[in-house]
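Visitor: Please see the structure below; I have some questions.
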Amino acid sequence: MQSEEIREKFLKFFEKRGHVLIPSASLVTTDEAGAMDATLFNTAGMQPFVPYLLGEPHPKGERLVNVQKCLRTIDLSDVGDNTHNTFFEMMGNWSLGDYFKKEAITWSYEFLTSKEEGLGLDISHLYFTVFTGNKKVEADKESIEIWKSLGIPEHRIYYKGESNWWSAGLNSPAGPSSEMFYDITEKLGDMTQEEFDKAEDEQKVVEIWNDVFMMYRQENGEITGELPQKNIDTGAGLERITTIVQGKQSMYETDLFLPVIKKIEELSGLEFGGKFDRQIKIVADHIRTAVFIIADGVIPSNTGRGYILRRVLRRAIRYSDLISLKHGSLLALAEIIIEKYKNTYSELKKNKEIIKKEIDVEENKFRQTLEKGIREFEKGEDPFVLFTTYGFPIELITELAKEKGQKIDLEDFNNKLKKHQELSRTSSAGMFKGGLTEANEETTKLHTATHLLNSALRQVLGNHVMQKGSNITAERLRFDFTHPQKMTEEEKKKVEEIVNQKIAEKLPVILEEMPIQEAEKIAIHSFNEKYGDIVKVYSIGSEGDYFSREFCGGPHISNTSELGHFKIQKEEAVSAGVRRIKAVRNR
Ligand SMILES: [Zn+2]
C-alpha cells in the first residue's frame with residue numbers, strides 16, 4: 001500500500017463516520033503579531049486546533065479529519081538515524097466536544113486492523129497503553145474496559161505514566177491518552193509490563209497511534225481545571241504508519257522517500273544501504289523539509305523561521321558535498337519532491353518556481369560564504385566563530401584542519417556549542433510557553449478588545465493606522481500602530497468612548513474562513529504577516545454593518561458584551577512613526 005492510499009483511506013474512513021475533511025493548516029503558525037505567538041512552525045497536529053480545543057466553535061463543525069504538516073527542528077543533529085526527521089505529516093481525527101473515548105478507541109482500532117476499510121494490520125503484533133493516573137486524574141480504567149470490549153486481552157494493555165499524558169507544552173489543553181504500538185520485529189508475542197517497556201526502549205515496538213482525551217486545562221505544567229468540553233485529538237504519523245504497512249525498517253525505505261533516495265543514488269553514484277546512509281538520509285530529509293517550508297511562504301534569512309530554513313538548507317548543501325553531489329543537485333531533488341507531493345499539497349505545485357529559485361539563491365550564497373570562511377580559517381579564526389558567523393559545519397572545519405596538518409580543539413568547540421544550544425533551547429521553550437499562556441479567558445477578552453481598539457483608532461486618527469504589533473497578558477493589552485505624532489487627550493478619550501460604545505451595543509464576534517483574495521477586499525491585516533491561501537477573518541458587528549473586520553487566528557469571545565469597561569492607560573512612542581497603547585478593562 002502506497003502512502004497516498006494510506007492518507008486517502010484514513011480520510012475516507014473518518015469522513016464516512018461523519019467527519020468533515022479540512023485541509024492542513026500552513027506549517028507557519030498564525031501569530032498575529034505576537035498575540036498568539038506560539039512556536040515558529042506547527043510542531044504537532046493539535047497546534048492549529050488550540051482555540052477550538054479551548055471551546056471556540058470550529059466553522060466546519062465538531063467532527064473533523066485532516067492530515068497536518070508538522071515540523072520539528074530541535075534535534076537536527078539526530079537526523080540521519082532511522083527514527084529522527086524534521087518534516088512529517090500527522091493524520092488526525094478530531095472531536096470538539098462531540099464523541100469521546102468509546103468512539104475514538106473503537107475507530108482507531110478498526111482503522112488499524114480492518115482489511116476492507118483500514119490498514120489490515122495483524123492484531124497479534126499490536127499492544128495498547130493507557131494512563132496510569134496521577135494526583136489529580138485517576139487511572140484510565142475506562143479505556144481498559146473499552147479495549148477489552150473490542151476483544152483485546154487485558155495482558156496486552158499496559159499502564160504508562162508521563163508518556164500517556166499529552167499537551168503541547170506547559171500551558172496548553174491537556175489530557176490522558178491511550179496509545180497503540182506495533183511490534184516491528186513481528187515475533188515478540190505476549191509480554192509482561194517490564195518486557196514491554198524494554199521492547200519500547202529498544203524500539204522493537206513503536207507507537208503508531210495516539211488517542212488523546214483532551215479535557216483539562218494545564219497551566220505551568222499543573223492541571224488547573226477542566227476544559228468547557230471534552231475533546232478527542234488523535235495522531236498517527238504518516239511516516240511511521242507507512243513504514244510499518246510497507247514492512248520497512250525506516251521511513252527512508254518507504255515510497256515517501258524512495259524517489260528522492262533513488263535520485264541521490266543516481267546523481268552520486270552511491271548505493272543506499274552502505275556507509276554513506278547517514279549523509280543520504282540527511283540530504284533527503286532536509287531538502288524535503290526546505291521544499292515544504294518555502295512552499296508556505298518562508299525564505300532563508302538570519303532570524304526566526306528564515307533562519308531555521310537557512311540551517312536546514314545549508315546542512316543539505318554541506319551533506320550533499322560529502323556524497324559528491326554536484327552544485328545544482330538539490331534543485332533536481334526538490335523537483336522530485338514537488339512531483340511526489342504536488343497532488344496532496346497544491347502549494348508545492350503553485351510555488352514550484354519560487355521554491356527552486358530560493359534553493360538556488362541560497363546555494364550560491366552559501367558557497368560564497370564557504371569561500372570566505374575558508375580564508376578566515378586559514379588566518380586562524382576560532383572554529384566556533386566560523387560555525388556561528390559563517391554557518392561552517394564543524395565536520396568541514398575538521399576536514400580542512402586535517403588537510404593543513406592542524407588539530408581542532410573539539411572539546412573547546414563542544415563546550416561553546418553546548419552553551420549556545422542551551423541559550424537557544426531556553427528561548428524557544430519560552431516562546432512556546434508564552435504563546436499558549438495567552439490563550440486563557442482574560443487574554444481572549446483583551447484580544448477582542450484589541451480589534452475594537454484598532455478600528456476605533458482608524459476612525460479617530462485615520463486609515464493610516466496599521467497594526468505593528470500586539471502583546472496581551474491577563475492584565476493588559478499592548479498595541480503598536482503607525483501614527484506620526486502623540487495622541488491628544490481628546491483623541492484618546494474619543495477612542496475610549498467608541499470602544500465602550502461598541503461594548504454597550506453587545507455586538508457579536510463572527511469567524512469566517514475564506515480565500516485570501518476575498519479576505520483582502522473586506523478585512524484589514526497587520527504589517528509583514530504571511531498568510532496561507534485560506535485565511536480566518538474575525539468580524540465584529542452584524543452583517544452589512546461591521547465595526548471591525550480583521551485577518552486573525554483567534555481566539556475571541558463571542559460577544560463584545562463580555563468586555564466590561566475599556567480604559568487606555570498609556571500612550572507612548574515606540575519608534576519614529578510608531579505609537580504604543582497600553583489598555584485594560586475593568587470587570
Ligand atoms: Zn486578532
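Ordered as shown in the C-alpha cells, chains take letters A, B, and onward, while each chain numbers its residues from 1 and ligands are numbered from 1 in the order shown.
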Would you pick out the contacts of Lys357 (chain A) at 12 Å or less, using only C-alpha atoms, so that residues sharing its chain but fewer than 2 positions from it are not included, and give the list as a VMD selection string?

Guide: chain A and resid 291 294 to 295 299 to 300 328 330 to 331 334 to 335 351 to 355 359 to 364

Visitor: Using DSSP assignments from the backbone, pull out every residue in region 462-552 of chain A that falls under helix (DSSP H, G or I) and give it to me as a ChimeraX atom specification.

Guide: /A:489-504,516-522

Visitor: Which residues sit within 8 Å of ligand 1, counting only C-alpha atoms and all ligand atoms, listed as a PyMOL selection string?

Guide: chain A and resi 32+35+447-448+450-451+538+550-556

Visitor: Would you mind listing what lies within 10 Å of Leu457 (chain A) as a list in words, with only C-alpha atoms counted and same-chain residues fewer than 4 positions away left out?

Guide: His451, Leu452, Leu453, Leu461, Gly462, Asn463, His464, Val465, Met466, Phe481, His483, Glu491, Lys492, Lys494, Val495, Glu496, Ile498 and Val499 of chain A

Visitor: Any chance you can output those residues with C-alpha atoms as a short mmCIF file (atom, residue, chain, number, x, y, z; two decimals), in the first residue's frame?

Guide:
```cif
data_model
loop_
_atom_site.label_atom_id
_atom_site.label_comp_id
_atom_site.auth_asym_id
_atom_site.auth_seq_id
_atom_site.Cartn_x
_atom_site.Cartn_y
_atom_site.Cartn_z
CA HIS A 451 -9.70 44.53 17.50
CA LEU A 452 -12.18 47.15 18.74
CA LEU A 453 -9.28 49.45 19.60
CA LEU A 461 -6.94 59.14 13.64
CA GLY A 462 -7.41 57.94 10.06
CA ASN A 463 -6.81 54.91 7.89
CA HIS A 464 -3.03 55.28 8.01
CA VAL A 465 -3.26 53.46 11.33
CA MET A 466 -1.85 49.96 10.85
CA PHE A 481 0.46 51.06 15.45
CA HIS A 483 0.83 57.17 13.61
CA GLU A 491 -8.27 61.71 20.74
CA LYS A 492 -7.62 59.18 23.48
CA LYS A 494 -12.75 59.64 21.79
CA VAL A 495 -11.17 56.22 21.12
CA GLU A 496 -12.17 55.00 24.59
CA ILE A 498 -16.05 54.40 20.74
CA VAL A 499 -14.73 51.12 22.17
#
```

Visitor: Which of these, A:Lys135, A:Lys506, A:His286, A:Lys230, has the shortest distance to Phe257 (chain A) once you count only C-alpha atoms?

Guide: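 Nearest to Phe257 (chain A): A:His286.
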
Visitor: Any idea what's packed within 6 Å of region 90-94 of chain A, counting only C-alpha atoms, ignoring anything in its chain fewer than 4 positions away? Could you give it as a PyMOL selection string?

Guide: chain A and resi 45+63-68+232-238

Visitor: Counting only C-alpha atoms, which residue out of A:Ala449, A:Leu121, A:Val130, A:Val50 sits closest to Asn171 (chain A)?

Guide: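 Selected residue with least distance to Asn171 (chain A): A:Val50.
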
Visitor: Please provide the set of residues having any atom within 10 Å of region 206-209 of chain A, restricted to only C-alpha atoms, with same-chain residues fewer than 4 positions apart removed, written as an mmCIF file with C-alpha atoms, in the first residue's frame.

Guide:
```cif
data_model
loop_
_atom_site.group_PDB
_atom_site.id
_atom_site.type_symbol
_atom_site.label_atom_id
_atom_site.label_comp_id
_atom_site.auth_asym_id
_atom_site.auth_seq_id
_atom_site.Cartn_x
_atom_site.Cartn_y
_atom_site.Cartn_z
ATOM 1 C CA MET A 91 -3.088 12.224 10.430
ATOM 2 C CA GLY A 92 -5.769 13.121 12.941
ATOM 3 C CA SER A 108 -8.629 3.773 15.780
ATOM 4 C CA TYR A 109 -8.670 0.025 16.369
ATOM 5 C CA LEU A 112 -5.581 -0.173 12.095
ATOM 6 C CA LEU A 126 -0.395 -4.760 18.427
ATOM 7 C CA TYR A 127 -0.091 -3.524 22.031
ATOM 8 C CA PHE A 128 -2.070 -0.908 23.909
ATOM 9 C CA THR A 129 -1.324 1.551 26.682
ATOM 10 C CA SER A 178 -4.268 5.723 25.001
ATOM 11 C CA GLU A 179 -1.646 4.562 22.548
ATOM 12 C CA MET A 180 -1.243 1.733 20.110
ATOM 13 C CA PHE A 181 2.117 0.107 19.493
ATOM 14 C CA TYR A 182 3.318 -2.244 16.779
ATOM 15 C CA ASP A 183 5.967 -4.946 17.110
ATOM 16 C CA ILE A 184 8.251 -4.263 14.164
ATOM 17 C CA ALA A 199 10.981 -3.547 23.950
ATOM 18 C CA GLU A 200 9.858 0.061 23.681
ATOM 19 C CA ASP A 201 13.264 1.339 24.846
ATOM 20 C CA GLU A 202 14.926 -0.825 22.237
ATOM 21 C CA THR A 234 -5.787 11.684 17.735
ATOM 22 C CA GLY A 235 -2.472 11.477 15.997
ATOM 23 C CA ALA A 236 -0.983 8.920 13.663
ATOM 24 C CA GLY A 237 2.268 9.830 11.957
ATOM 25 C CA LEU A 238 2.059 9.036 8.262
ATOM 26 C CA GLU A 239 5.793 8.316 8.010
ATOM 27 C CA ARG A 240 5.683 5.757 10.801
ATOM 28 C CA ILE A 241 2.454 4.103 9.688
ATOM 29 C CA THR A 242 3.762 3.842 6.130
ATOM 30 C CA ILE A 244 5.019 -0.433 9.188
#
```

Visitor: Would you please extract all strand (DSSP E) residues from region 183-268 of chain A, as assigned by DSSP on the backbone, and give them as an MDAnalysis selection string?

Guide: chainID A and resid 183 205:219 222:237

Visitor: Write the residues of the selection above to a file with C-alpha atoms, as a PDB file, in the first residue's frame.

Guide:
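Saved as again-v4.pdb:
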```pdb
ATOM      1  CA  ASP A 183       5.967  -4.946  17.110  1.00  0.00           C
ATOM      2  CA  VAL A 205       7.745  -1.835  19.483  1.00  0.00           C
ATOM      3  CA  VAL A 206       6.898   1.608  18.133  1.00  0.00           C
ATOM      4  CA  GLU A 207       3.976   3.862  18.824  1.00  0.00           C
ATOM      5  CA  ILE A 208       1.750   4.180  15.769  1.00  0.00           C
ATOM      6  CA  TRP A 209      -1.372   5.890  17.083  1.00  0.00           C
ATOM      7  CA  ASN A 210      -2.274   8.155  19.925  1.00  0.00           C
ATOM      8  CA  ASP A 211      -5.824   8.853  21.135  1.00  0.00           C
ATOM      9  CA  VAL A 212      -5.749  11.881  23.404  1.00  0.00           C
ATOM     10  CA  PHE A 213      -8.684  12.598  25.665  1.00  0.00           C
ATOM     11  CA  MET A 214      -8.221  16.338  25.724  1.00  0.00           C
ATOM     12  CA  MET A 215     -10.282  17.628  28.607  1.00  0.00           C
ATOM     13  CA  TYR A 216      -8.028  19.522  31.019  1.00  0.00           C
ATOM     14  CA  ARG A 217      -6.596  22.989  31.187  1.00  0.00           C
ATOM     15  CA  GLN A 218      -2.907  22.930  32.101  1.00  0.00           C
ATOM     16  CA  GLU A 219      -1.009  25.965  33.342  1.00  0.00           C
ATOM     17  CA  GLU A 222      -0.285  21.898  36.605  1.00  0.00           C
ATOM     18  CA  ILE A 223      -3.850  20.862  35.901  1.00  0.00           C
ATOM     19  CA  THR A 224      -5.953  23.887  36.810  1.00  0.00           C
ATOM     20  CA  GLY A 225      -9.357  22.687  35.729  1.00  0.00           C
ATOM     21  CA  GLU A 226     -11.433  21.095  33.026  1.00  0.00           C
ATOM     22  CA  LEU A 227     -11.977  22.495  29.558  1.00  0.00           C
ATOM     23  CA  PRO A 228     -15.514  23.630  28.699  1.00  0.00           C
ATOM     24  CA  GLN A 229     -15.860  20.488  26.577  1.00  0.00           C
ATOM     25  CA  LYS A 230     -14.348  17.014  26.237  1.00  0.00           C
ATOM     26  CA  ASN A 231     -12.320  16.722  23.040  1.00  0.00           C
ATOM     27  CA  ILE A 232     -10.660  13.951  21.098  1.00  0.00           C
ATOM     28  CA  ASP A 233      -7.295  14.653  19.497  1.00  0.00           C
ATOM     29  CA  THR A 234      -5.787  11.684  17.735  1.00  0.00           C
ATOM     30  CA  GLY A 235      -2.472  11.477  15.997  1.00  0.00           C
ATOM     31  CA  ALA A 236      -0.983   8.920  13.663  1.00  0.00           C
ATOM     32  CA  GLY A 237       2.268   9.830  11.957  1.00  0.00           C
TER      33      GLY A 237
END
```
